[in-house]
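Pasting start.tsv here (TSV, C-alpha atoms and all ligand atoms):
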```tsv
chain	number	residue	atom	x	y	z
L	51	MET	CA	-11.18	34.37	-22.62
L	52	PRO	CA	-11.99	31.10	-20.88
L	53	GLN	CA	-15.67	30.16	-20.64
L	54	LEU	CA	-16.69	30.36	-16.99
L	55	ARG	CA	-19.10	27.50	-16.40
L	56	ILE	CA	-19.10	27.40	-12.62
L	57	PRO	CA	-22.21	28.11	-10.52
L	58	GLY	CA	-21.03	31.56	-9.51
L	59	PRO	CA	-19.37	33.89	-9.92
L	60	THR	CA	-20.99	33.93	-13.33
L	61	PRO	CA	-19.96	35.78	-16.52
L	62	ILE	CA	-20.74	39.49	-16.64
L	63	PRO	CA	-22.22	41.12	-19.77
L	64	GLU	CA	-20.11	43.84	-21.45
L	65	LYS	CA	-22.56	46.65	-20.54
L	66	VAL	CA	-22.45	45.63	-16.88
L	67	LEU	CA	-18.64	45.40	-16.96
L	68	GLN	CA	-18.49	48.94	-18.28
L	69	ALA	CA	-20.73	50.17	-15.48
L	70	GLN	CA	-18.27	48.67	-13.01
L	71	GLY	CA	-15.60	51.04	-14.26
L	72	LYS	CA	-17.43	54.19	-13.15
L	73	GLN	CA	-15.88	56.80	-10.84
L	74	MET	CA	-16.93	56.74	-7.18
L	75	ILE	CA	-19.82	58.90	-5.95
L	76	ASN	CA	-20.93	60.13	-2.53
L	77	HIS	CA	-22.83	57.22	-1.01
L	78	ARG	CA	-24.79	59.73	1.08
L	79	GLY	CA	-25.64	61.92	-1.90
L	80	PRO	CA	-28.57	62.20	-4.34
L	81	GLU	CA	-27.05	60.01	-7.10
L	82	PHE	CA	-26.77	57.00	-4.83
L	83	LYS	CA	-30.30	57.56	-3.52
L	84	ILE	CA	-31.64	57.22	-7.06
L	85	ILE	CA	-29.64	54.04	-7.69
L	86	LEU	CA	-30.66	52.42	-4.40
L	87	GLU	CA	-34.34	53.26	-4.79
L	88	SER	CA	-34.51	52.13	-8.36
L	89	CYS	CA	-32.55	48.90	-7.72
L	90	THR	CA	-34.75	48.09	-4.73
L	91	ALA	CA	-37.96	48.63	-6.72
L	92	ARG	CA	-36.73	46.38	-9.52
L	93	LEU	CA	-35.42	43.70	-7.14
L	94	LYS	CA	-38.94	43.50	-5.72
L	95	GLN	CA	-40.23	42.74	-9.21
L	96	VAL	CA	-37.80	39.86	-9.60
L	97	PHE	CA	-38.53	38.58	-6.07
L	98	GLN	CA	-42.24	38.98	-6.95
L	99	THR	CA	-42.87	40.55	-3.57
L	100	LYS	CA	-44.37	43.54	-1.83
L	101	ASN	CA	-42.16	42.82	1.18
L	102	ASP	CA	-39.17	45.00	1.94
L	103	VAL	CA	-36.05	44.06	0.01
L	104	LEU	CA	-32.77	45.13	1.56
L	105	VAL	CA	-29.51	45.33	-0.35
L	106	LEU	CA	-26.59	44.51	1.93
L	107	THR	CA	-22.90	44.64	1.12
L	108	GLY	CA	-21.47	41.20	1.68
L	109	SER	CA	-21.51	37.76	0.10
L	110	GLY	CA	-24.42	35.35	0.26
L	111	THR	CA	-23.24	33.77	3.50
L	112	GLY	CA	-23.53	37.19	5.13
L	113	GLY	CA	-27.13	37.32	3.93
L	114	MET	CA	-27.75	33.86	5.43
L	115	GLU	CA	-26.34	35.00	8.77
L	116	ALA	CA	-28.44	38.18	8.55
L	117	SER	CA	-31.61	36.19	7.88
L	118	LEU	CA	-31.09	34.25	11.11
L	119	VAL	CA	-29.86	36.87	13.57
L	120	ASN	CA	-32.66	39.30	12.72
L	121	VAL	CA	-35.54	36.95	13.52
L	122	LEU	CA	-34.26	34.50	16.13
L	123	SER	CA	-33.18	34.50	19.75
L	124	PRO	CA	-30.66	32.15	21.35
L	125	GLY	CA	-32.48	29.00	22.41
L	126	ASP	CA	-35.09	29.22	19.62
L	127	LYS	CA	-35.72	25.89	17.97
L	128	VAL	CA	-35.33	25.79	14.18
L	129	LEU	CA	-35.80	23.01	11.68
L	130	SER	CA	-32.96	22.81	9.20
L	131	VAL	CA	-33.98	21.09	5.98
L	132	SER	CA	-30.65	20.32	4.36
L	133	ILE	CA	-29.91	18.57	1.09
L	134	GLY	CA	-26.26	19.56	0.74
L	135	VAL	CA	-23.29	21.68	1.72
L	136	PHE	CA	-25.14	25.00	1.77
L	137	GLY	CA	-28.07	23.61	3.76
L	138	ASP	CA	-25.55	22.28	6.28
L	139	ARG	CA	-23.95	25.74	6.39
L	140	TYR	CA	-27.30	27.37	7.18
L	141	ALA	CA	-27.75	24.99	10.11
L	142	ARG	CA	-24.20	25.63	11.32
L	143	ILE	CA	-24.65	29.40	11.37
L	144	ALA	CA	-27.94	29.03	13.28
L	145	GLY	CA	-26.21	26.80	15.83
L	146	ILE	CA	-23.27	29.17	16.27
L	147	PHE	CA	-25.69	31.97	17.16
L	148	GLY	CA	-27.37	29.78	19.77
L	149	ALA	CA	-30.39	28.32	17.99
L	150	GLU	CA	-31.40	24.80	18.91
L	151	VAL	CA	-31.15	23.13	15.52
L	152	VAL	CA	-33.27	20.10	14.63
L	153	ASN	CA	-31.75	18.53	11.54
L	154	CYS	CA	-33.88	17.14	8.78
L	155	ASN	CA	-31.17	16.02	6.38
L	156	PHE	CA	-31.58	14.28	3.06
L	157	GLU	CA	-29.10	12.29	1.05
L	158	TYR	CA	-26.97	14.46	-1.23
L	159	GLY	CA	-28.44	14.42	-4.73
L	160	GLN	CA	-32.02	14.19	-3.41
L	161	GLY	CA	-34.60	16.89	-2.87
L	162	ALA	CA	-36.32	17.28	0.50
L	163	ASP	CA	-39.26	14.88	0.88
L	164	PRO	CA	-42.29	17.01	1.83
L	165	GLY	CA	-43.85	14.19	3.90
L	166	ILE	CA	-40.71	13.83	6.02
L	167	VAL	CA	-40.53	17.60	6.54
L	168	ARG	CA	-44.19	17.63	7.61
L	169	ASP	CA	-43.52	14.83	10.11
L	170	ALA	CA	-40.45	16.61	11.48
L	171	ILE	CA	-42.53	19.74	12.06
L	172	LYS	CA	-45.26	17.70	13.77
L	173	ALA	CA	-42.71	15.99	15.98
L	174	ASN	CA	-41.33	19.35	17.12
L	175	PRO	CA	-44.30	21.58	17.95
L	176	ASP	CA	-42.07	24.22	19.54
L	177	ILE	CA	-40.18	25.00	16.33
L	178	LYS	CA	-40.12	28.68	15.43
L	179	ALA	CA	-38.60	28.75	11.96
L	180	VAL	CA	-37.71	26.44	9.10
L	181	LEU	CA	-34.55	26.88	7.01
L	182	ILE	CA	-34.64	25.66	3.43
L	183	THR	CA	-32.22	25.91	0.53
L	184	HIS	CA	-34.21	26.52	-2.64
L	185	ASN	CA	-31.45	25.48	-5.02
L	186	GLU	CA	-28.61	23.42	-3.53
L	187	THR	CA	-25.63	24.46	-5.62
L	188	SER	CA	-23.35	21.75	-4.20
L	189	THR	CA	-25.47	18.90	-5.59
L	190	GLY	CA	-27.40	20.54	-8.44
L	191	VAL	CA	-30.78	19.99	-6.81
L	192	THR	CA	-33.80	22.30	-6.67
L	193	ASN	CA	-36.20	21.68	-3.84
L	194	ASP	CA	-39.95	21.71	-4.42
L	195	LEU	CA	-40.23	24.94	-2.48
L	196	GLU	CA	-43.84	25.54	-3.46
L	197	THR	CA	-44.94	22.34	-1.69
L	198	LEU	CA	-42.50	22.76	1.21
L	199	SER	CA	-43.55	26.35	1.82
L	200	LYS	CA	-47.22	25.30	2.11
L	201	ILE	CA	-46.29	22.80	4.81
L	202	VAL	CA	-44.32	25.41	6.74
L	203	LYS	CA	-47.04	28.03	6.39
L	204	ASP	CA	-49.83	25.60	7.36
L	205	ALA	CA	-47.88	25.03	10.57
L	206	GLY	CA	-47.70	28.80	11.12
L	207	LEU	CA	-43.90	28.90	11.14
L	208	LEU	CA	-41.42	31.37	9.73
L	209	LEU	CA	-39.82	30.25	6.50
L	210	LEU	CA	-36.23	31.34	5.81
L	211	VAL	CA	-34.98	30.55	2.32
L	212	ASP	CA	-31.52	30.44	0.81
L	213	ALA	CA	-32.29	31.40	-2.78
L	214	ILE	CA	-28.73	32.44	-3.49
L	215	SER	CA	-28.33	30.38	-6.67
L	216	SER	CA	-31.97	30.43	-7.77
L	217	MET	CA	-33.52	33.88	-7.43
L	218	GLY	CA	-33.52	35.68	-10.76
L	219	ALA	CA	-33.05	32.41	-12.65
L	220	LEU	CA	-35.73	30.02	-11.33
L	221	PRO	CA	-39.33	30.89	-10.45
L	222	LEU	CA	-39.67	31.87	-6.78
L	223	PRO	CA	-42.73	34.06	-6.23
L	224	VAL	CA	-41.96	35.13	-2.67
L	225	ASP	CA	-45.41	36.43	-1.73
L	226	GLU	CA	-47.38	33.65	-3.40
L	227	TRP	CA	-45.29	31.02	-1.61
L	228	GLY	CA	-45.30	32.92	1.70
L	229	CYS	CA	-41.53	33.00	2.20
L	230	ASP	CA	-40.62	35.23	5.15
L	231	VAL	CA	-36.93	35.89	4.59
L	232	VAL	CA	-35.33	35.14	1.24
L	233	VAL	CA	-31.65	35.62	0.49
L	234	SER	CA	-29.87	35.93	-2.84
L	235	ALA	CA	-26.42	37.16	-3.93
L	236	SER	CA	-25.15	39.26	-6.80
L	237	GLN	CA	-22.66	36.81	-8.33
L	238	LYS	CA	-25.27	34.21	-9.31
L	239	GLY	CA	-28.28	34.75	-11.58
L	240	TRP	CA	-27.89	38.52	-11.41
L	241	MET	CA	-24.87	38.83	-13.77
L	242	VAL	CA	-23.02	41.05	-11.28
L	243	ALA	CA	-19.70	40.55	-9.48
L	244	PRO	CA	-19.69	39.13	-5.94
L	245	GLY	CA	-20.26	41.69	-3.20
L	246	LEU	CA	-23.96	42.35	-2.66
L	247	CYS	CA	-26.71	40.26	-1.14
L	248	PHE	CA	-30.43	40.86	-1.40
L	249	VAL	CA	-32.83	39.91	1.37
L	250	SER	CA	-36.62	40.14	1.38
L	251	VAL	CA	-38.30	40.46	4.77
L	252	SER	CA	-42.00	39.79	5.40
L	253	GLU	CA	-44.25	41.57	7.89
L	254	ALA	CA	-44.22	38.48	10.09
L	255	ALA	CA	-40.40	38.44	10.05
L	256	TRP	CA	-40.27	42.13	11.00
L	257	LYS	CA	-42.69	41.48	13.85
L	258	THR	CA	-40.66	38.55	15.18
L	259	GLY	CA	-37.52	40.60	14.71
L	260	GLU	CA	-38.72	43.19	17.21
L	261	THR	CA	-38.03	40.79	20.05
L	262	ALA	CA	-35.24	38.73	18.43
L	263	ARG	CA	-32.15	38.73	20.62
L	264	MET	CA	-29.41	37.13	18.53
L	265	PRO	CA	-26.44	39.53	18.44
L	266	ARG	CA	-26.22	41.65	15.33
L	267	PHE	CA	-24.62	44.90	14.30
L	268	TYR	CA	-23.45	45.02	10.68
L	269	TRP	CA	-26.42	42.92	9.56
L	270	ASP	CA	-29.15	44.69	11.52
L	271	PHE	CA	-32.22	44.78	9.25
L	272	ALA	CA	-33.89	47.57	11.21
L	273	GLN	CA	-30.89	49.83	10.58
L	274	ALA	CA	-30.81	48.81	6.91
L	275	ARG	CA	-34.51	49.64	6.52
L	276	ALA	CA	-34.24	52.96	8.34
L	277	PHE	CA	-31.34	54.05	6.11
L	278	SER	CA	-32.96	52.65	2.99
L	279	GLU	CA	-35.95	54.92	3.62
L	280	LYS	CA	-33.66	57.92	3.20
L	281	GLY	CA	-31.88	56.42	0.19
L	282	GLN	CA	-28.79	55.22	2.00
L	283	THR	CA	-27.24	52.16	3.57
L	284	PRO	CA	-26.00	52.16	7.19
L	285	TRP	CA	-22.44	51.34	6.17
L	286	THR	CA	-20.43	52.17	3.04
L	287	PRO	CA	-22.03	50.14	0.23
L	288	GLY	CA	-20.24	48.26	-2.54
L	289	LEU	CA	-20.77	51.12	-4.99
L	290	THR	CA	-19.15	49.35	-7.93
L	291	GLU	CA	-21.55	46.43	-7.61
L	292	PHE	CA	-24.47	48.84	-7.29
L	293	PHE	CA	-23.50	50.53	-10.58
L	294	ALA	CA	-23.38	47.07	-12.16
L	295	LEU	CA	-26.66	45.92	-10.61
L	296	ASP	CA	-28.42	48.99	-11.95
L	297	ILE	CA	-27.58	47.94	-15.52
L	298	ALA	CA	-28.02	44.20	-14.95
L	299	LEU	CA	-31.55	44.75	-13.63
L	300	ASP	CA	-32.36	46.79	-16.73
L	301	MET	CA	-31.24	43.85	-18.85
L	302	MET	CA	-33.22	41.36	-16.77
L	303	LEU	CA	-36.47	43.30	-16.87
L	304	LYS	CA	-36.04	43.95	-20.57
L	305	GLU	CA	-35.72	40.22	-21.17
L	306	LYS	CA	-38.69	39.71	-18.74
L	307	ILE	CA	-38.48	37.32	-15.84
L	308	GLU	CA	-40.76	34.69	-17.42
L	309	ASN	CA	-38.39	34.58	-20.40
L	310	ILE	CA	-35.37	34.32	-18.11
L	311	PHE	CA	-36.99	31.36	-16.31
L	312	ALA	CA	-37.82	29.75	-19.66
L	313	ARG	CA	-34.24	30.25	-20.90
L	314	HIS	CA	-32.84	28.59	-17.77
L	315	ALA	CA	-35.30	25.70	-18.05
L	316	ARG	CA	-34.38	25.16	-21.70
L	317	ILE	CA	-30.65	25.38	-21.07
L	318	GLY	CA	-30.85	23.14	-18.00
L	319	GLN	CA	-32.55	20.47	-20.10
L	320	MET	CA	-30.02	20.94	-22.87
L	321	VAL	CA	-27.13	20.37	-20.46
L	322	ARG	CA	-28.71	17.25	-18.95
L	323	ASP	CA	-29.55	15.80	-22.39
L	324	GLY	CA	-26.08	16.64	-23.70
L	325	VAL	CA	-24.29	15.12	-20.73
L	326	LYS	CA	-26.35	11.93	-20.93
L	327	ALA	CA	-25.75	11.68	-24.69
L	328	LEU	CA	-22.01	11.57	-23.91
L	329	GLY	CA	-22.61	8.50	-21.72
L	330	LEU	CA	-22.18	10.40	-18.47
L	331	GLU	CA	-24.45	9.93	-15.47
L	332	LEU	CA	-26.27	12.73	-13.70
L	333	PHE	CA	-25.75	12.91	-9.94
L	334	ALA	CA	-29.02	14.58	-8.95
L	335	ASP	CA	-32.34	12.79	-8.77
L	336	PRO	CA	-33.90	13.79	-12.13
L	337	ARG	CA	-37.14	14.84	-10.38
L	338	TYR	CA	-35.21	17.63	-8.68
L	339	ALA	CA	-32.51	18.45	-11.25
L	340	SER	CA	-31.56	22.10	-11.10
L	341	ASN	CA	-31.84	24.41	-14.08
L	342	THR	CA	-28.95	26.55	-12.85
L	343	VAL	CA	-26.28	23.94	-12.10
L	344	THR	CA	-25.82	20.34	-13.24
L	345	SER	CA	-23.84	17.81	-11.23
L	346	VAL	CA	-22.28	14.86	-13.01
L	347	ALA	CA	-21.26	11.64	-11.23
L	348	SER	CA	-17.83	10.09	-11.60
L	349	THR	CA	-18.76	6.78	-13.17
L	350	LYS	CA	-17.17	4.53	-15.80
L	351	GLY	CA	-13.60	5.46	-14.88
L	352	LEU	CA	-14.15	9.21	-15.06
L	353	ASP	CA	-11.69	11.22	-12.98
L	354	PRO	CA	-13.52	14.54	-12.42
L	355	LYS	CA	-10.37	16.35	-11.28
L	356	LEU	CA	-8.47	15.34	-14.41
L	357	LEU	CA	-11.45	16.31	-16.56
L	358	ILE	CA	-11.67	19.74	-14.94
L	359	LYS	CA	-7.91	20.24	-15.54
L	360	ILE	CA	-8.13	19.21	-19.22
L	361	MET	CA	-11.23	21.32	-19.76
L	362	ARG	CA	-9.50	24.36	-18.28
L	363	GLU	CA	-6.05	23.95	-19.82
L	364	GLU	CA	-6.90	22.52	-23.24
L	365	MET	CA	-10.49	23.59	-23.90
L	366	GLY	CA	-10.67	26.94	-22.12
L	367	VAL	CA	-13.77	25.94	-20.17
L	368	VAL	CA	-13.79	26.32	-16.41
L	369	LEU	CA	-15.95	23.77	-14.59
L	370	ALA	CA	-16.48	23.28	-10.85
L	371	GLY	CA	-15.56	20.24	-8.77
L	372	GLY	CA	-17.40	18.66	-5.87
L	373	GLN	CA	-17.34	20.33	-2.47
L	374	GLN	CA	-16.36	18.69	0.80
L	375	THR	CA	-17.45	15.01	0.84
L	376	MET	CA	-18.20	15.22	-2.89
L	377	ASP	CA	-14.66	16.26	-3.76
L	378	GLY	CA	-13.48	13.94	-6.56
L	379	LYS	CA	-16.91	12.34	-6.83
L	380	ILE	CA	-18.71	14.79	-9.09
L	381	PHE	CA	-18.08	17.73	-11.35
L	382	ARG	CA	-20.51	20.59	-11.85
L	383	ILE	CA	-21.49	22.73	-14.81
L	384	GLY	CA	-22.87	26.16	-13.96
L	385	HIS	CA	-25.51	27.54	-16.33
L	386	LEU	CA	-27.08	30.55	-14.69
L	387	GLY	CA	-27.23	34.24	-15.35
L	388	PHE	CA	-25.70	35.46	-18.59
L	389	VAL	CA	-25.69	32.21	-20.57
L	390	SER	CA	-26.89	31.29	-24.04
L	391	ASP	CA	-27.74	28.09	-25.92
L	392	ASP	CA	-24.67	28.55	-28.13
L	393	GLU	CA	-22.34	28.78	-25.16
L	394	ILE	CA	-23.76	25.56	-23.75
L	395	LYS	CA	-23.27	23.86	-27.13
L	396	GLU	CA	-19.61	24.92	-26.94
L	397	THR	CA	-19.30	23.54	-23.41
L	398	LEU	CA	-20.79	20.22	-24.48
L	399	ASP	CA	-18.53	20.04	-27.56
L	400	ALA	CA	-15.51	20.70	-25.37
L	401	LEU	CA	-16.64	17.96	-22.95
L	402	LYS	CA	-16.93	15.52	-25.83
L	403	LYS	CA	-13.35	16.23	-26.87
L	404	ALA	CA	-11.97	16.13	-23.32
L	405	LEU	CA	-13.66	12.97	-22.04
L	406	PRO	CA	-11.58	10.38	-23.96
L	407	LYS	CA	-8.45	11.83	-22.31
L	408	THR	CA	-9.74	11.18	-18.79
L	409	GLY	CA	-9.99	7.40	-18.56
L	410	PHE	CA	-13.73	7.61	-19.14
L	411	ARG	CA	-15.13	4.43	-20.66
L	412	GLY	CA	-18.50	5.72	-21.77
C	1	LIG	C1	-27.04	27.90	-2.38
C	1	LIG	C2	-25.90	28.73	-1.86
C	1	LIG	N1	-25.93	29.14	-0.60
C	1	LIG	C3	-24.95	29.89	-0.09
C	1	LIG	C4	-23.85	30.25	-0.84
C	1	LIG	C5	-22.77	31.07	-0.21
C	1	LIG	O1	-22.70	32.30	-0.82
C	1	LIG	P1	-21.35	33.16	-0.78
C	1	LIG	O2	-20.26	32.29	-1.32
C	1	LIG	O3	-21.70	34.32	-1.67
C	1	LIG	O4	-21.11	33.55	0.62
C	1	LIG	C6	-23.76	29.84	-2.16
C	1	LIG	C7	-22.59	30.19	-2.98
C	1	LIG	O5	-22.09	29.41	-3.74
C	1	LIG	C8	-24.82	29.05	-2.69
C	1	LIG	O6	-24.79	28.65	-3.95
```
Whole structure, structure tokens version:
Amino acid sequence: MPQLRIPGPTPIPEKVLQAQGKQMINHRGPEFKIILESCTARLKQVFQTKNDVLVLTGSGTGGMEASLVNVLSPGDKVLSVSIGVFGDRYARIAGIFGAEVVNCNFEYGQGADPGIVRDAIKANPDIKAVLITHNETSTGVTNDLETLSKIVKDAGLLLLVDAISSMGALPLPVDEWGCDVVVSASQKGWMVAPGLCFVSVSEAAWKTGETARMPRFYWDFAQARAFSEKGQTPWTPGLTEFFALDIALDMMLKEKIENIFARHARIGQMVRDGVKALGLELFADPRYASNTVTSVASTKGLDPKLLIKIMREEMGVVLAGGQQTMDGKIFRIGHLGFVSDDEIKETLDALKKALPKTGFRG
């Protein structure tokens, strides 16, 4: 089996894989009600929130779209704080649905500068919501969301957060940081196949949602909440992923979220130290380096595409390349979800063997 070291989909533990093989059930019957209620209660523990958490069938991008269309109206002004491909995507979706997007973009590899975000908010007093990516998977950067959220909350604005590649792996206490809508997706830190997204919704977001006029049908939060209260989802749910999530959440809570965060922090450091020891250069500003994905710059003659090919074909390790403008400029190592120190040692050993074959002069 190749080692999957991309930042999602992530490897699935054996117990969770077995749960995926279960026979279908009636999604409007009592068995599903138990699964939905118990998954929702445990998701709230990981989100560290008393807010509603909705489980929607769809990938993370669906959750991002849902987070926008349920709280905004066409013409609403939003501040998009983007540090990479996924931040840019958030802004694009908002624009497509008619929001007036004010861009506050930062250089790829950097985290958002809180002072600049504060100034952008001050310069646009009619902003309604701020969009922030907690962990930018395309560059391997984690924003200082605790500081950014204070700025947004002090200004009395709604805070929408893409926590797709961070929730369940990096600390993000939703209530403490006052995040209004927070989106994550099953194929990342949750050790589950792609197919579900999880969205927390604050009281303030519900209130704003009452008058929000962006078009929505499949992603309507009010429908999702009404059905959730009777132990159902409005549309046919991804039952297989629910079976898997049920077991994965057991594993996560057994390990305890503080220990999961500590494991990711330790492994993130191990990857960065290991990569640097091989003479490679990290792409992300070290102050913001992510503990779920590490991006490595193509320096000293390194051809990332050739490296990825050699790693896959000769070493059995699957790495990720750069997206869009970063194609050919970086490679990325995913280390989130079901990952151990030993597996990372194997990845680093394989890198050591592969590098001399790539033109790298480290
Ligand atoms: C930070 C971030 N946002 C959004 C997405 C998009 O999620 P999906 O591919 O599940 O639609 C991803 C997936 O890689 C991501 O890492």
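Closest approach to Pro223 of chain L from the set L:Val105, L:Ala294, L:Val96, L:Ala400 is made by L:Val96, with distances taken over all atoms listed in the file.
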Subject >> Spatial neighbours of Asn155 of chain L, 10 Å, all atoms listed in the file, chain gap at least 6 places, as number ranges by chain >> reply: L: 129-134, 137-138, 161-163, 166-167
Subject >> Atomic separation - atom CA of Ala235 of chain L relative to atom O3 of ligand LIG 1 (chain C), Å >> reply: 6.0 Å
**OP:** Please check which protein, DNA or RNA residues sit within 9 Å of ligand LIG 1 (chain C), counting only C-alpha atoms and all ligand atoms, and write them as a ChimeraX atom specification.
**Re:** /L:57-59,108-114,134-137,139-140,183-188,212-216,233-238,244-247
**OP:** May I have the residues within 10 Å of Val121 of chain L as a list in words, using all atoms listed in the file and disregarding those fewer than 5 positions away in the same chain?
**Re:** Ala116, Asp126, Lys178, Ala179, Leu208, Leu210, Asp230, Val231, Val251, Ala254, Ala255, Trp256, Lys257, Thr258, Gly259, Glu260, Thr261, Ala262, Arg263, Met264 and Phe271 of chain L
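You will find atom CA of Leu328 of chain L at 15.9 Å from atom CA of Ile358 of chain L.
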List as a short mmCIF file (atom, residue, chain, number, x, y, z; two decimals) with C-alpha atoms, in the coordinates of the input: which residues have an atom within 12 Å of (-19.5, 45.4, -14.2), counting all atoms listed in the file?
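And here's result-v5.cif as it stands now:
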```
data_model
loop_
_atom_site.label_atom_id
_atom_site.label_comp_id
_atom_site.auth_asym_id
_atom_site.auth_seq_id
_atom_site.Cartn_x
_atom_site.Cartn_y
_atom_site.Cartn_z
CA THR L 60 -20.99 33.93 -13.33
CA PRO L 61 -19.96 35.78 -16.52
CA ILE L 62 -20.74 39.49 -16.64
CA PRO L 63 -22.22 41.12 -19.77
CA GLU L 64 -20.11 43.84 -21.45
CA LYS L 65 -22.56 46.65 -20.54
CA VAL L 66 -22.45 45.63 -16.88
CA LEU L 67 -18.64 45.40 -16.96
CA GLN L 68 -18.49 48.94 -18.28
CA ALA L 69 -20.73 50.17 -15.48
CA GLN L 70 -18.27 48.67 -13.01
CA GLY L 71 -15.60 51.04 -14.26
CA LYS L 72 -17.43 54.19 -13.15
CA SER L 236 -25.15 39.26 -6.80
CA GLN L 237 -22.66 36.81 -8.33
CA TRP L 240 -27.89 38.52 -11.41
CA MET L 241 -24.87 38.83 -13.77
CA VAL L 242 -23.02 41.05 -11.28
CA ALA L 243 -19.70 40.55 -9.48
CA PRO L 244 -19.69 39.13 -5.94
CA GLY L 245 -20.26 41.69 -3.20
CA LEU L 289 -20.77 51.12 -4.99
CA THR L 290 -19.15 49.35 -7.93
CA GLU L 291 -21.55 46.43 -7.61
CA PHE L 292 -24.47 48.84 -7.29
CA PHE L 293 -23.50 50.53 -10.58
CA ALA L 294 -23.38 47.07 -12.16
CA LEU L 295 -26.66 45.92 -10.61
CA ASP L 296 -28.42 48.99 -11.95
CA ILE L 297 -27.58 47.94 -15.52
CA ALA L 298 -28.02 44.20 -14.95
#
```
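Shortest separation to Ile360 of chain L among L:Thr408, L:Gln95, L:Asn153, L:Ser117 occurs at residue L:Thr408, atoms counted being only C-alpha atoms.
Across the model, the gap from atom CA of Val151 of chain L to atom CA of Val128 of chain L is 5.1 Å.
Counting all atoms listed in the file, the residue from L:Gly79, L:Ala347, L:Val367, L:Lys304 that sits nearest to Lys403 of chain L is L:Val367.
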**OP:** Show which residues sit within 8 Å of Ile84 of chain L, as a list in words. Count all atoms listed in the file, and ignore same-chain residues fewer than 4 positions away.
**Re:** Pro80, Ser88 and Gly281 of chain L
Reconstruct all heavy atoms of segment 406-410 of chain L; output as a CSV table (one decimal), in the frame of the given file.
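Dumped everything to result_32.csv:
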```csv
chain,number,residue,atom,x,y,z
L,406,PRO,N,-12.4,11.5,-23.7
L,406,PRO,CA,-11.6,10.4,-24.0
L,406,PRO,C,-10.2,10.5,-23.3
L,406,PRO,O,-9.5,9.5,-23.2
L,406,PRO,CB,-11.5,10.4,-25.5
L,406,PRO,CG,-12.6,11.3,-26.0
L,406,PRO,CD,-12.9,12.2,-24.9
L,407,LYS,N,-9.8,11.7,-22.9
L,407,LYS,CA,-8.4,11.8,-22.3
L,407,LYS,C,-8.5,11.6,-20.8
L,407,LYS,O,-7.5,11.9,-20.1
L,407,LYS,CB,-7.9,13.3,-22.6
L,407,LYS,CG,-7.9,13.7,-24.0
L,407,LYS,CD,-7.4,15.1,-24.2
L,407,LYS,CE,-7.4,15.4,-25.7
L,407,LYS,NZ,-6.6,16.7,-25.9
L,408,THR,N,-9.6,11.2,-20.3
L,408,THR,CA,-9.7,11.2,-18.8
L,408,THR,C,-9.9,9.8,-18.2
L,408,THR,O,-10.1,9.6,-17.0
L,408,THR,CB,-11.0,12.0,-18.3
L,408,THR,OG1,-12.1,11.3,-18.9
L,408,THR,CG2,-11.0,13.4,-18.8
L,409,GLY,N,-9.8,8.8,-19.1
L,409,GLY,CA,-10.0,7.4,-18.6
L,409,GLY,C,-11.5,7.0,-18.6
L,409,GLY,O,-11.8,5.9,-18.2
L,410,PHE,N,-12.3,7.9,-19.1
L,410,PHE,CA,-13.7,7.6,-19.1
L,410,PHE,C,-14.0,6.5,-20.2
L,410,PHE,O,-13.6,6.6,-21.3
L,410,PHE,CB,-14.5,8.9,-19.5
L,410,PHE,CG,-16.0,8.8,-19.6
L,410,PHE,CD1,-16.7,8.4,-18.5
L,410,PHE,CD2,-16.6,9.0,-20.8
L,410,PHE,CE1,-18.1,8.2,-18.6
L,410,PHE,CE2,-18.0,8.8,-20.9
L,410,PHE,CZ,-18.7,8.5,-19.8
```
